[in-house]
>>> print(open('work.tsv').read())   # TSV, C-alpha atoms and all ligand atoms
chain	number	residue	atom	x	y	z
Y	117	MET	CA	50.14	-18.45	-45.34
Y	118	ASN	CA	48.15	-15.52	-44.02
Y	119	ASN	CA	46.97	-14.70	-47.51
Y	120	LEU	CA	45.70	-18.13	-48.37
Y	121	LYS	CA	42.63	-17.36	-50.42
Y	122	ASN	CA	41.32	-20.86	-50.81
Y	123	SER	CA	38.81	-22.92	-48.94
Y	124	LEU	CA	40.27	-25.92	-47.13
Y	125	ILE	CA	37.16	-28.03	-47.84
Y	126	THR	CA	38.07	-31.68	-48.41
Y	127	HIS	CA	34.79	-33.59	-48.58
Y	128	LEU	CA	31.24	-33.88	-47.28
Y	129	GLU	CA	30.50	-36.33	-44.48
Y	130	CYS	CA	27.16	-37.67	-43.30
Y	131	SER	CA	26.51	-36.45	-39.76
Y	132	PHE	CA	24.62	-39.67	-39.02
Y	133	CYS	CA	26.29	-42.64	-40.75
Y	134	GLY	CA	29.63	-41.08	-41.70
Y	135	LYS	CA	29.42	-41.80	-45.44
Y	136	VAL	CA	31.81	-39.58	-47.43
Y	137	HIS	CA	30.53	-37.56	-50.41
Y	138	ASP	CA	32.36	-35.53	-53.05
Y	139	ALA	CA	32.53	-31.81	-52.21
Y	140	ASP	CA	32.81	-30.86	-55.89
Y	141	GLU	CA	29.49	-32.42	-56.79
Y	142	LEU	CA	26.13	-30.89	-56.03
Y	143	ASN	CA	24.86	-32.93	-53.08
Y	144	THR	CA	21.72	-32.65	-50.98
Y	145	VAL	CA	21.35	-35.21	-48.18
Y	146	CYS	CA	23.25	-38.46	-47.51
Y	147	LYS	CA	22.87	-40.93	-50.39
Y	148	LYS	CA	22.89	-43.84	-47.97
Y	149	CYS	CA	20.70	-42.78	-45.05
Y	150	GLY	CA	19.04	-39.52	-46.12
Y	151	LYS	CA	20.38	-37.50	-43.23
Y	152	VAL	CA	22.35	-34.24	-42.97
Y	153	LEU	CA	25.70	-33.78	-44.76
Y	154	TYR	CA	28.49	-31.71	-43.19
Y	155	PRO	CA	31.32	-30.06	-45.12
Y	156	ARG	CA	34.71	-31.08	-43.70
Y	157	TYR	CA	37.99	-29.16	-43.92
Y	158	ASP	CA	41.72	-29.74	-43.60
Y	159	LEU	CA	41.95	-28.22	-40.14
Y	160	GLU	CA	45.60	-29.25	-39.68
Y	161	LYS	CA	46.45	-26.88	-42.50
Y	162	GLY	CA	43.95	-24.41	-41.08
Y	163	LYS	CA	46.04	-24.17	-37.90
Y	164	GLU	CA	48.75	-22.41	-39.90
Y	165	CYS	CA	46.56	-19.73	-41.41
Y	166	ILE	CA	43.69	-19.15	-38.95
Y	167	THR	CA	45.32	-17.68	-35.86
Y	168	PRO	CA	44.35	-14.80	-33.55
Y	169	ASN	CA	47.12	-12.77	-35.20
Y	170	SER	CA	46.12	-13.46	-38.79
Y	171	LEU	CA	42.52	-12.67	-37.95
Y	172	ARG	CA	43.45	-9.37	-36.35
Y	173	LEU	CA	44.94	-8.27	-39.68
Y	174	ARG	CA	41.92	-9.25	-41.75
Y	175	LYS	CA	39.70	-6.50	-43.06
Y	176	THR	CA	36.86	-8.76	-44.12
Y	177	TYR	CA	34.02	-8.24	-41.66
Y	178	ASN	CA	31.36	-10.35	-43.29
Y	179	LEU	CA	30.47	-14.00	-43.84
Y	180	TRP	CA	33.78	-14.71	-45.53
Y	181	ARG	CA	36.04	-13.63	-42.67
Y	182	PHE	CA	36.94	-17.28	-42.01
Y	183	HIS	CA	37.02	-18.19	-45.71
Y	184	GLU	CA	39.34	-21.20	-45.18
Y	185	ILE	CA	36.62	-23.02	-43.28
Y	186	MET	CA	33.84	-21.98	-45.62
Y	187	PRO	CA	32.87	-24.17	-48.59
Y	188	VAL	CA	33.24	-21.71	-51.49
Y	189	LYS	CA	36.54	-22.29	-53.26
Y	190	GLN	CA	36.88	-19.36	-55.63
Y	191	GLU	CA	36.92	-15.81	-54.38
Y	192	LYS	CA	34.76	-14.54	-57.23
Y	193	TYR	CA	31.80	-16.56	-55.94
Y	194	ARG	CA	31.93	-15.12	-52.42
Y	195	ILE	CA	28.98	-12.74	-52.75
Y	196	SER	CA	28.11	-10.45	-49.87
Y	197	LEU	CA	25.47	-7.93	-48.87
Y	198	GLY	CA	27.33	-7.17	-45.65
Y	199	GLU	CA	25.91	-10.08	-43.62
Y	200	GLY	CA	27.52	-11.24	-40.41
Y	201	TRP	CA	29.86	-9.61	-37.89
Y	202	THR	CA	26.81	-8.42	-35.97
Y	203	PRO	CA	27.31	-6.71	-32.62
Y	204	LEU	CA	27.26	-8.39	-29.24
Y	205	ILE	CA	25.29	-5.93	-27.13
Y	206	HIS	CA	25.55	-5.86	-23.35
Y	207	LEU	CA	21.99	-5.75	-21.99
Y	208	LYS	CA	22.81	-3.80	-18.85
Y	209	ASN	CA	19.32	-2.62	-18.02
Y	210	LEU	CA	17.50	-5.88	-18.59
Y	211	GLY	CA	20.34	-7.72	-16.87
Y	212	GLU	CA	20.09	-5.47	-13.84
Y	213	LYS	CA	16.36	-6.10	-13.55
Y	214	MET	CA	17.04	-9.84	-13.59
Y	215	GLY	CA	20.14	-9.73	-11.38
Y	216	LEU	CA	22.37	-10.90	-14.26
Y	217	LYS	CA	25.63	-9.00	-14.72
Y	218	GLU	CA	26.73	-10.47	-18.03
Y	219	LEU	CA	23.70	-10.67	-20.23
Y	220	TYR	CA	24.30	-10.13	-23.96
Y	221	LEU	CA	22.33	-10.03	-27.17
Y	222	LYS	CA	23.92	-11.15	-30.42
Y	223	ASP	CA	21.92	-8.77	-32.59
Y	224	GLU	CA	21.27	-10.65	-35.78
Y	225	GLY	CA	18.56	-8.15	-36.67
Y	226	GLN	CA	21.33	-6.01	-38.13
Y	227	ASN	CA	21.83	-8.43	-41.02
Y	228	PRO	CA	20.90	-7.34	-44.60
Y	229	THR	CA	17.39	-8.78	-44.67
Y	230	GLY	CA	16.82	-8.12	-40.98
Y	231	THR	CA	17.39	-11.71	-39.80
Y	232	PHE	CA	20.20	-14.23	-39.46
Y	233	LYS	CA	18.73	-16.12	-42.42
Y	234	SER	CA	21.04	-13.90	-44.52
Y	235	ARG	CA	24.04	-15.89	-43.32
Y	236	GLY	CA	22.77	-19.29	-44.38
Y	237	LEU	CA	21.39	-18.22	-47.71
Y	238	CYS	CA	24.48	-16.21	-48.60
Y	239	ALA	CA	26.57	-19.36	-48.20
Y	240	ALA	CA	24.08	-21.67	-49.94
Y	241	VAL	CA	23.52	-19.42	-52.94
Y	242	ALA	CA	27.26	-18.73	-53.33
Y	243	LYS	CA	28.23	-22.42	-53.19
Y	244	GLY	CA	25.28	-23.50	-55.32
Y	245	ILE	CA	26.33	-21.08	-58.07
Y	246	GLU	CA	29.93	-22.25	-57.84
Y	247	LEU	CA	28.64	-25.78	-58.51
Y	248	GLY	CA	26.54	-24.62	-61.46
Y	249	VAL	CA	23.06	-23.97	-60.01
Y	250	LYS	CA	20.96	-21.44	-61.93
Y	251	GLU	CA	17.60	-21.82	-60.12
Y	252	PHE	CA	16.99	-22.29	-56.40
Y	253	SER	CA	13.82	-23.33	-54.59
Y	254	MET	CA	12.80	-23.32	-50.94
Y	255	PRO	CA	9.87	-23.45	-48.54
Y	256	THR	CA	9.80	-20.65	-45.97
Y	257	ALA	CA	7.84	-19.12	-43.14
Y	258	GLY	CA	9.04	-15.78	-44.54
Y	259	ASN	CA	12.49	-14.73	-43.36
Y	260	ALA	CA	14.47	-17.42	-45.18
Y	261	GLY	CA	12.58	-16.60	-48.37
Y	262	ALA	CA	13.46	-12.92	-48.09
Y	263	ALA	CA	17.12	-13.83	-47.66
Y	264	LEU	CA	17.07	-16.25	-50.61
Y	265	ALA	CA	15.39	-13.61	-52.78
Y	266	ALA	CA	18.02	-11.04	-51.81
Y	267	TYR	CA	21.05	-13.20	-52.62
Y	268	THR	CA	19.62	-14.65	-55.82
Y	269	ALA	CA	18.76	-11.12	-57.03
Y	270	HIS	CA	22.28	-9.95	-56.16
Y	271	ALA	CA	23.86	-12.92	-57.95
Y	272	ARG	CA	21.44	-12.69	-60.93
Y	273	VAL	CA	19.96	-16.17	-60.62
Y	274	LYS	CA	16.37	-17.30	-60.02
Y	275	SER	CA	14.50	-18.19	-56.84
Y	276	HIS	CA	11.24	-20.12	-56.48
Y	277	ILE	CA	9.74	-19.72	-53.04
Y	278	PHE	CA	6.89	-21.64	-51.40
Y	279	ALA	CA	5.28	-20.05	-48.34
Y	280	PRO	CA	2.21	-20.67	-46.19
Y	281	LYS	CA	-0.80	-18.47	-47.11
Y	282	ASP	CA	-0.58	-16.64	-43.78
Y	283	THR	CA	3.00	-15.45	-44.36
Y	284	ASP	CA	3.37	-11.82	-43.35
Y	285	GLU	CA	2.17	-9.59	-46.22
Y	286	PHE	CA	5.13	-7.27	-46.12
Y	287	ILE	CA	7.53	-10.19	-46.51
Y	288	GLN	CA	5.52	-11.36	-49.53
Y	289	VAL	CA	5.95	-7.91	-51.08
Y	290	GLU	CA	9.65	-7.95	-50.20
Y	291	MET	CA	10.30	-11.35	-51.82
Y	292	LYS	CA	8.47	-10.37	-55.01
Y	293	ALA	CA	10.24	-7.00	-55.18
Y	294	MET	CA	13.54	-8.86	-55.19
Y	295	GLY	CA	12.40	-10.97	-58.11
Y	296	ALA	CA	11.34	-14.20	-56.40
Y	297	ASP	CA	8.70	-16.42	-57.98
Y	298	LEU	CA	6.39	-16.81	-54.95
Y	299	THR	CA	3.79	-19.57	-54.55
Y	300	LEU	CA	1.40	-19.47	-51.56
Y	301	VAL	CA	0.48	-22.85	-50.09
Y	302	ASN	CA	-2.36	-23.95	-47.77
Y	303	GLY	CA	-1.06	-25.09	-44.39
Y	304	LEU	CA	2.28	-24.87	-42.60
Y	305	ILE	CA	5.93	-24.68	-43.65
Y	306	THR	CA	6.02	-28.50	-43.86
Y	307	ASP	CA	3.21	-28.38	-46.46
Y	308	ALA	CA	5.11	-25.68	-48.35
Y	309	GLY	CA	8.15	-27.99	-48.16
Y	310	ALA	CA	6.28	-30.88	-49.78
Y	311	GLU	CA	5.12	-28.60	-52.61
Y	312	ALA	CA	8.60	-27.10	-53.11
Y	313	LYS	CA	10.05	-30.60	-53.33
Y	314	LYS	CA	7.50	-31.88	-55.83
Y	315	ILE	CA	7.61	-28.90	-58.22
Y	316	GLY	CA	11.35	-28.41	-57.69
Y	317	ILE	CA	12.20	-31.97	-58.72
Y	318	GLU	CA	10.03	-31.65	-61.86
Y	319	ASN	CA	11.95	-28.51	-62.86
Y	320	GLY	CA	15.46	-29.43	-61.72
Y	321	TRP	CA	15.72	-26.61	-59.17
Y	322	PHE	CA	18.21	-26.86	-56.28
Y	323	ASP	CA	16.27	-27.14	-53.01
Y	324	VAL	CA	17.86	-25.10	-50.22
Y	325	SER	CA	15.45	-26.24	-47.45
Y	326	THR	CA	16.93	-26.15	-43.95
Y	327	LEU	CA	19.66	-28.84	-43.64
Y	328	LYS	CA	18.54	-30.58	-46.86
Y	329	GLU	CA	21.69	-29.25	-48.50
Y	330	PRO	CA	25.13	-28.95	-46.84
Y	331	TYR	CA	25.83	-25.22	-47.09
Y	332	ARG	CA	23.28	-23.11	-45.17
Y	333	ILE	CA	24.69	-24.59	-41.99
Y	334	GLU	CA	28.14	-23.25	-42.93
Y	335	GLY	CA	26.71	-19.75	-43.13
Y	336	LYS	CA	25.05	-20.13	-39.72
Y	337	LYS	CA	28.24	-21.58	-38.31
Y	338	THR	CA	29.81	-18.14	-38.57
Y	339	MET	CA	27.70	-17.03	-35.58
Y	340	GLY	CA	29.71	-19.43	-33.43
Y	341	LEU	CA	33.02	-18.31	-34.95
Y	342	GLU	CA	32.17	-14.68	-34.23
Y	343	LEU	CA	31.15	-15.43	-30.65
Y	344	ALA	CA	34.57	-16.95	-29.95
Y	345	GLU	CA	36.21	-13.84	-31.37
Y	346	HIS	CA	33.89	-11.53	-29.35
Y	347	PHE	CA	34.91	-13.36	-26.18
Y	348	GLU	CA	38.60	-13.24	-27.15
Y	349	TRP	CA	38.92	-16.95	-27.84
Y	350	GLY	CA	36.62	-18.03	-25.09
Y	351	LEU	CA	32.90	-18.77	-25.21
Y	352	PRO	CA	29.95	-17.68	-23.09
Y	353	ASP	CA	28.57	-20.02	-20.40
Y	354	VAL	CA	25.05	-20.15	-21.82
Y	355	ILE	CA	23.52	-19.68	-25.29
Y	356	ILE	CA	19.76	-19.33	-25.62
Y	357	TYR	CA	18.46	-19.95	-29.12
Y	358	PRO	CA	14.93	-19.83	-30.61
Y	359	THR	CA	14.66	-23.11	-32.47
Y	360	GLY	CA	12.79	-23.92	-35.66
Y	361	GLY	CA	14.76	-26.09	-38.07
Y	362	GLY	CA	17.73	-25.70	-35.76
Y	363	THR	CA	20.45	-24.72	-38.26
Y	364	GLY	CA	21.78	-22.06	-35.94
Y	365	ILE	CA	22.21	-24.29	-32.90
Y	366	VAL	CA	23.69	-27.08	-34.99
Y	367	GLY	CA	25.90	-24.67	-36.95
Y	368	MET	CA	27.34	-23.10	-33.82
Y	369	TRP	CA	28.00	-26.51	-32.32
Y	370	LYS	CA	29.94	-27.46	-35.46
Y	371	ALA	CA	31.84	-24.17	-35.29
Y	372	PHE	CA	32.97	-24.89	-31.72
Y	373	THR	CA	34.33	-28.30	-32.72
Y	374	GLU	CA	36.26	-26.78	-35.62
Y	375	LEU	CA	37.61	-23.96	-33.45
Y	376	GLU	CA	38.87	-26.47	-30.91
Y	377	GLU	CA	40.56	-28.53	-33.64
Y	378	LEU	CA	42.18	-25.33	-34.91
Y	379	GLY	CA	43.54	-24.78	-31.42
Y	380	LEU	CA	41.66	-21.50	-31.01
Y	381	ILE	CA	39.43	-22.50	-28.06
Y	382	GLY	CA	39.53	-25.14	-25.36
Y	383	HIS	CA	37.23	-28.05	-24.61
Y	384	GLU	CA	34.62	-26.14	-22.59
Y	385	ARG	CA	31.28	-25.48	-24.22
Y	386	PRO	CA	28.36	-23.20	-23.47
Y	387	LYS	CA	25.14	-24.81	-22.27
Y	388	MET	CA	22.97	-24.81	-25.41
Y	389	ILE	CA	19.37	-23.94	-24.65
Y	390	SER	CA	16.68	-24.45	-27.24
Y	391	VAL	CA	13.46	-22.42	-27.00
Y	392	GLN	CA	10.21	-23.29	-28.77
Y	393	PRO	CA	6.65	-21.99	-28.56
Y	394	VAL	CA	4.16	-23.92	-26.38
Y	395	GLY	CA	2.06	-24.52	-29.52
Y	396	CYS	CA	4.91	-26.21	-31.41
Y	397	GLN	CA	7.58	-27.87	-29.28
Y	398	PRO	CA	8.82	-31.11	-30.86
Y	399	ILE	CA	12.40	-30.62	-29.65
Y	400	VAL	CA	11.32	-29.89	-26.08
Y	401	ARG	CA	9.15	-33.02	-26.04
Y	402	ALA	CA	11.94	-35.21	-27.40
Y	403	PHE	CA	14.46	-33.75	-24.99
Y	404	GLU	CA	12.20	-34.43	-22.03
Y	405	ASN	CA	11.44	-37.96	-23.22
Y	406	GLY	CA	15.09	-38.80	-23.83
Y	407	ASP	CA	14.40	-39.50	-27.53
Y	408	GLU	CA	17.03	-39.41	-30.27
Y	409	PHE	CA	14.59	-38.04	-32.86
Y	410	ALA	CA	11.76	-35.55	-32.41
Y	411	GLY	CA	9.04	-36.65	-34.80
Y	412	THR	CA	6.30	-34.26	-35.86
Y	413	TRP	CA	4.33	-31.90	-33.62
Y	414	PRO	CA	0.61	-32.16	-34.48
Y	415	ASN	CA	-1.49	-29.04	-35.23
Y	416	ALA	CA	1.36	-26.61	-34.70
Y	417	THR	CA	0.38	-23.08	-33.67
Y	418	SER	CA	2.31	-19.91	-32.87
Y	419	LYS	CA	2.24	-16.29	-33.98
Y	420	PHE	CA	5.96	-16.53	-34.64
Y	421	GLY	CA	6.48	-18.31	-37.95
Y	422	GLY	CA	10.26	-18.84	-37.69
Y	423	ILE	CA	9.78	-21.16	-34.72
Y	424	ARG	CA	6.51	-22.73	-35.83
Y	425	VAL	CA	8.31	-25.69	-37.39
Y	426	PRO	CA	6.56	-29.02	-36.64
Y	427	SER	CA	9.42	-31.30	-37.72
Y	428	ALA	CA	13.12	-30.87	-38.42
Y	429	ILE	CA	15.46	-33.15	-40.41
Y	430	GLY	CA	18.29	-32.09	-38.07
Y	431	ASP	CA	16.37	-33.04	-34.91
Y	432	TYR	CA	19.03	-35.55	-33.78
Y	433	LEU	CA	21.75	-32.92	-34.22
Y	434	ILE	CA	19.88	-30.31	-32.18
Y	435	LEU	CA	19.22	-32.86	-29.42
Y	436	ARG	CA	22.85	-33.98	-29.43
Y	437	ALA	CA	24.12	-30.40	-29.00
Y	438	ILE	CA	21.69	-29.76	-26.14
Y	439	ARG	CA	22.62	-32.99	-24.35
Y	440	GLU	CA	26.39	-32.89	-24.89
Y	441	SER	CA	26.45	-29.32	-23.58
Y	442	HIS	CA	24.30	-30.12	-20.52
Y	443	GLY	CA	21.81	-27.59	-21.78
Y	444	THR	CA	18.05	-27.86	-21.88
Y	445	ALA	CA	14.97	-27.26	-24.04
Y	446	ILE	CA	12.10	-25.11	-22.88
Y	447	ALA	CA	8.73	-23.98	-24.23
Y	448	VAL	CA	7.29	-20.50	-23.76
Y	449	ALA	CA	3.80	-19.11	-24.37
Y	450	ASP	CA	3.31	-16.64	-27.25
Y	451	ILE	CA	1.82	-14.10	-24.84
Y	452	HIS	CA	4.97	-14.20	-22.70
Y	453	THR	CA	7.10	-13.80	-25.83
Y	454	HIS	CA	5.04	-10.79	-26.89
Y	455	GLU	CA	5.53	-9.16	-23.48
Y	456	SER	CA	9.26	-9.82	-23.84
Y	457	MET	CA	9.39	-8.00	-27.18
Y	458	LEU	CA	7.89	-4.94	-25.52
Y	459	LYS	CA	10.17	-5.27	-22.49
Y	460	LEU	CA	13.38	-5.29	-24.54
Y	461	ALA	CA	12.23	-2.33	-26.63
Y	462	LYS	CA	11.38	-0.34	-23.50
Y	463	HIS	CA	14.45	-1.16	-21.42
Y	464	GLU	CA	17.16	-1.42	-24.06
Y	465	GLY	CA	15.93	0.41	-27.15
Y	466	ILE	CA	16.03	-2.69	-29.33
Y	467	MET	CA	13.09	-3.83	-31.45
Y	468	ILE	CA	13.56	-7.55	-31.73
Y	469	ALA	CA	11.70	-10.22	-33.75
Y	470	GLY	CA	9.15	-12.27	-31.84
Y	471	GLU	CA	11.09	-15.50	-32.33
Y	472	ALA	CA	14.13	-13.85	-30.77
Y	473	ALA	CA	12.11	-12.43	-27.87
Y	474	ALA	CA	11.16	-15.99	-26.93
Y	475	THR	CA	14.73	-16.29	-25.60
Y	476	ILE	CA	13.99	-13.58	-23.01
Y	477	ALA	CA	10.81	-15.33	-21.92
Y	478	ALA	CA	12.84	-18.55	-21.56
Y	479	LEU	CA	15.59	-16.80	-19.63
Y	480	GLU	CA	13.07	-15.45	-17.13
Y	481	LYS	CA	11.93	-19.00	-16.43
Y	482	LEU	CA	15.48	-20.36	-16.19
Y	483	ASN	CA	16.49	-17.50	-13.91
Y	484	ASP	CA	13.53	-18.16	-11.62
Y	485	ASN	CA	14.17	-21.90	-11.39
Y	486	GLY	CA	17.92	-21.45	-10.88
Y	487	PHE	CA	19.09	-23.20	-14.07
Y	488	VAL	CA	21.27	-20.20	-14.86
Y	489	ASP	CA	23.71	-18.65	-12.46
Y	490	LYS	CA	23.76	-14.91	-11.73
Y	491	THR	CA	27.44	-14.59	-12.66
Y	492	GLN	CA	27.35	-16.53	-15.91
Y	493	LYS	CA	27.95	-15.00	-19.32
Y	494	ILE	CA	24.65	-15.46	-21.08
Y	495	VAL	CA	24.07	-14.81	-24.79
Y	496	LEU	CA	20.57	-14.45	-26.19
Y	497	PHE	CA	20.30	-14.98	-29.93
Y	498	GLY	CA	18.46	-12.01	-31.37
Y	499	THR	CA	17.79	-13.91	-34.58
Y	500	GLY	CA	15.87	-11.10	-36.24
Y	501	SER	CA	14.75	-7.50	-36.13
Y	502	GLY	CA	11.25	-6.62	-35.01
Y	503	LEU	CA	11.09	-4.26	-37.97
Y	504	VAL	CA	10.66	-7.15	-40.43
Y	505	THR	CA	7.21	-7.98	-39.03
Y	506	PRO	CA	5.58	-4.67	-38.01
Y	507	SER	CA	2.13	-6.28	-37.67
Y	508	LEU	CA	3.23	-8.30	-34.62
Y	509	TRP	CA	3.75	-5.17	-32.54
Y	510	SER	CA	0.21	-3.88	-32.59
Y	511	SER	CA	-1.61	-7.11	-31.79
Y	512	SER	CA	-1.16	-9.20	-28.68
Y	513	PRO	CA	-1.44	-12.99	-29.30
U	1	LIG	C1	14.16	-19.08	-38.95
U	1	LIG	C2	14.14	-18.29	-37.71
U	1	LIG	C3	14.40	-18.90	-36.47
U	1	LIG	C4	14.67	-20.37	-36.33
U	1	LIG	O1	15.93	-20.67	-36.83
U	1	LIG	P1	16.45	-22.15	-37.09
U	1	LIG	O2	17.91	-22.00	-37.31
U	1	LIG	O3	15.72	-22.68	-38.26
U	1	LIG	O4	16.15	-22.93	-35.87
U	1	LIG	C5	14.44	-18.09	-35.36
U	1	LIG	N1	14.21	-16.75	-35.44
U	1	LIG	C6	13.95	-16.13	-36.61
U	1	LIG	C7	13.71	-14.65	-36.62
U	1	LIG	C8	13.90	-16.88	-37.78
U	1	LIG	O5	13.64	-16.28	-38.94
U	2	ZN	ZN	24.26	-41.13	-43.91
>>> encode(input="work.tsv", output="structure tokens")
Amino acid sequence: MNNLKNSLITHLECSFCGKVHDADELNTVCKKCGKVLYPRYDLEKGKECITPNSLRLRKTYNLWRFHEIMPVKQEKYRISLGEGWTPLIHLKNLGEKMGLKELYLKDEGQNPTGTFKSRGLCAAVAKGIELGVKEFSMPTAGNAGAALAAYTAHARVKSHIFAPKDTDEFIQVEMKAMGADLTLVNGLITDAGAEAKKIGIENGWFDVSTLKEPYRIEGKKTMGLELAEHFEWGLPDVIIYPTGGGTGIVGMWKAFTELEELGLIGHERPKMISVQPVGCQPIVRAFENGDEFAGTWPNATSKFGGIRVPSAIGDYLILRAIRESHGTAIAVADIHTHESMLKLAKHEGIMIAGEAAATIAALEKLNDNGFVDKTQKIVLFGTGSGLVTPSLWSSSP
């Protein structure tokens, strides 16, 4: 059973109303309620083939390491640019300054396009192609577009990307170099999303917007699978995550449930902490108000595009993960985030993306107010490399 090459996907299930959808048809959101669809797997069977021993023998150190609980059925569609299996770096110096012994960074900046967006788009493009898609479309604040462009170029299919006019110029060059058809849109990522939807529907393109199709989340889920393996089938006590659309937080939460059902981890969960910028904090507001949904944040502002996301279709899933884990949601000022970027570079030699640095700013607050404990294992999600947006280093917000 160790060599089982197939995916154990059985169906898609609505994460809100439970309606079952066919996994062999190209689906987007729930046909009944319009909410997020989750791929489901035969985890009973998975117990036989996904074990600490079988994993130790595997030589695949990329997104497809846990191929049984990934949606792509045929091996030939499992494209890879070497995404995933990023290092967990012990931040000794920064930890010492803060009195925290076990502070870690999951360095997602080491992914192919410099951010963890590679994981989600690798999975979505691979599965889309397996189900017959030839042209993909998506709105982006930049990093997701770069990842989509990379995987569609690699797989020789087309991408149509819609981005706000103020998207970093280098990322625009990058997307076009990799063959994307790029349209600049006035406004924010939500405006780009409306445009992508309208033009995409007219042309029959498959829209891979965050959580509006069921597969990007499976790519992001692998972050949670890797964490359990890093901690030798345990999990950290705290995860701090810079939240935009929330696929990462929601994906990891799904991963933990699957790992428990596979018998690989126990029932304990890390406290999930969502970080947003002061100028765009719909999840923080909803968390504080005890709301199930987050609504839209008016006049969103932040220098850091990946977390300047005024509304998220997966809001209820993010809020559930935070609440069920006894975590919290916290907003940080851009200026504090910028200082944190410089601090990590200086003390640890790591140039991190601004969005990711927001986790350090949040940790400082949570350390000061006693929410985190000095002995806890804390993982910061370094969602991207600072090298993807050079312009942010020279100018303070
Ligand atoms: C997209 C992005 C985020 C936000 O990720 P979500 O999973 O959409 O919440 C955070 N950091 C970086 C660098 C990003 O590109
Ligand atoms: Zn539904």
>>> residues_around(input="work.tsv", residues="Glu464 of chain Y", least_positions_apart="2", cutoff="8 Å", atoms="all atoms listed in the file", output="VMD selection string")
chain Y and resid 207 209 to 210 460 to 462 466
>>> closest_atom_pairs(input="work.tsv", of="chain Y", to="ligand LIG 1 (chain U)", cutoff="6 Å", atoms="all atoms listed in the file", output="CSV")
residue,atom,partner,partner_atom,distance
Y:Thr231,CA,U:LIG1,C7,5.7
Y:Asn259,CA,U:LIG1,O5,4.8
Y:Pro358,CA,U:LIG1,C5,5.1
Y:Thr359,CA,U:LIG1,O4,3.7
Y:Gly360,CA,U:LIG1,O4,3.5
Y:Gly361,CA,U:LIG1,O3,3.5
Y:Gly362,CA,U:LIG1,O4,3.2
Y:Thr363,CA,U:LIG1,O2,3.8
Y:Gly364,CA,U:LIG1,O2,4.1
Y:Gly422,CA,U:LIG1,C2,3.9
Y:Ile423,CA,U:LIG1,C4,5.2
Y:Ala469,CA,U:LIG1,C7,5.6
Y:Glu471,CA,U:LIG1,N1,4.6
Y:Ala472,CA,U:LIG1,N1,5.5
Y:Thr499,CA,U:LIG1,C7,4.6
Y:Gly500,CA,U:LIG1,C7,4.2
>>> closest_atom_pairs(input="work.tsv", of="chain Y", to="ligand ZN 2 (chain U)", cutoff="7 Å", atoms="all atoms listed in the file", output="Markdown table")
| residue | atom | partner | partner_atom | distance |
| --- | --- | --- | --- | --- |
| Y:Cys130 | CA | U:ZN2 | ZN | 4.6 |
| Y:Ser131 | CA | U:ZN2 | ZN | 6.6 |
| Y:Phe132 | CA | U:ZN2 | ZN | 5.1 |
| Y:Cys133 | CA | U:ZN2 | ZN | 4.0 |
| Y:Gly134 | CA | U:ZN2 | ZN | 5.8 |
| Y:Lys135 | CA | U:ZN2 | ZN | 5.4 |
| Y:Cys146 | CA | U:ZN2 | ZN | 4.6 |
| Y:Lys147 | CA | U:ZN2 | ZN | 6.6 |
| Y:Lys148 | CA | U:ZN2 | ZN | 5.1 |
| Y:Cys149 | CA | U:ZN2 | ZN | 4.1 |
| Y:Gly150 | CA | U:ZN2 | ZN | 5.9 |
| Y:Lys151 | CA | U:ZN2 | ZN | 5.4 |
>>> closest_residue(input="work.tsv", among="Y:Ile305, Y:Leu124, Y:Leu197, Y:Ala310", to="Ala263 of chain Y", atoms="all atoms listed in the file")
Y:Leu197
>>> atom_distance(input="work.tsv", atom1="atom CA of Asn178 of chain Y", atom2="atom CA of Lys274 of chain Y")
23.5 Å
>>> residues_around(input="work.tsv", residues="His127 of chain Y", least_positions_apart="4", cutoff="7 Å", atoms="all atoms listed in the file", output="PyMOL selection string")
chain Y and resi 136-139+155-156
>>> residues_around(input="work.tsv", residues="segment 449-452 of chain Y", least_positions_apart="4", cutoff="12 Å", atoms="all atoms listed in the file", output="MDAnalysis selection string")
chainID Y and resid 391:397 417:421 423:424 456:459 470:481 508:509 511:513
>>> atom_distance(input="work.tsv", atom1="atom CA of Thr505 of chain Y", atom2="atom CA of His270 of chain Y")
22.9 Å
>>> residues_near_point(input="work.tsv", point="(17.2, -23.5, -13.5)", cutoff="12 Å", atoms="all atoms listed in the file", output="ChimeraX atom specification")
/Y:354,387,389,442-446,478-490
>>> write_last_selection(input="work.tsv", atoms="C-alpha atoms", output="tab-separated table (two decimals), keeping the file's coordinate frame")
chain	number	residue	atom	x	y	z
Y	354	VAL	CA	25.05	-20.15	-21.82
Y	387	LYS	CA	25.14	-24.81	-22.27
Y	389	ILE	CA	19.37	-23.94	-24.65
Y	442	HIS	CA	24.30	-30.12	-20.52
Y	443	GLY	CA	21.81	-27.59	-21.78
Y	444	THR	CA	18.05	-27.86	-21.88
Y	445	ALA	CA	14.97	-27.26	-24.04
Y	446	ILE	CA	12.10	-25.11	-22.88
Y	478	ALA	CA	12.84	-18.55	-21.56
Y	479	LEU	CA	15.59	-16.80	-19.63
Y	480	GLU	CA	13.07	-15.45	-17.13
Y	481	LYS	CA	11.93	-19.00	-16.43
Y	482	LEU	CA	15.48	-20.36	-16.19
Y	483	ASN	CA	16.49	-17.50	-13.91
Y	484	ASP	CA	13.53	-18.16	-11.62
Y	485	ASN	CA	14.17	-21.90	-11.39
Y	486	GLY	CA	17.92	-21.45	-10.88
Y	487	PHE	CA	19.09	-23.20	-14.07
Y	488	VAL	CA	21.27	-20.20	-14.86
Y	489	ASP	CA	23.71	-18.65	-12.46
Y	490	LYS	CA	23.76	-14.91	-11.73
>>> atom_distance(input="work.tsv", atom1="atom CA of Phe252 of chain Y", atom2="atom CA of Trp321 of chain Y")
5.3 Å
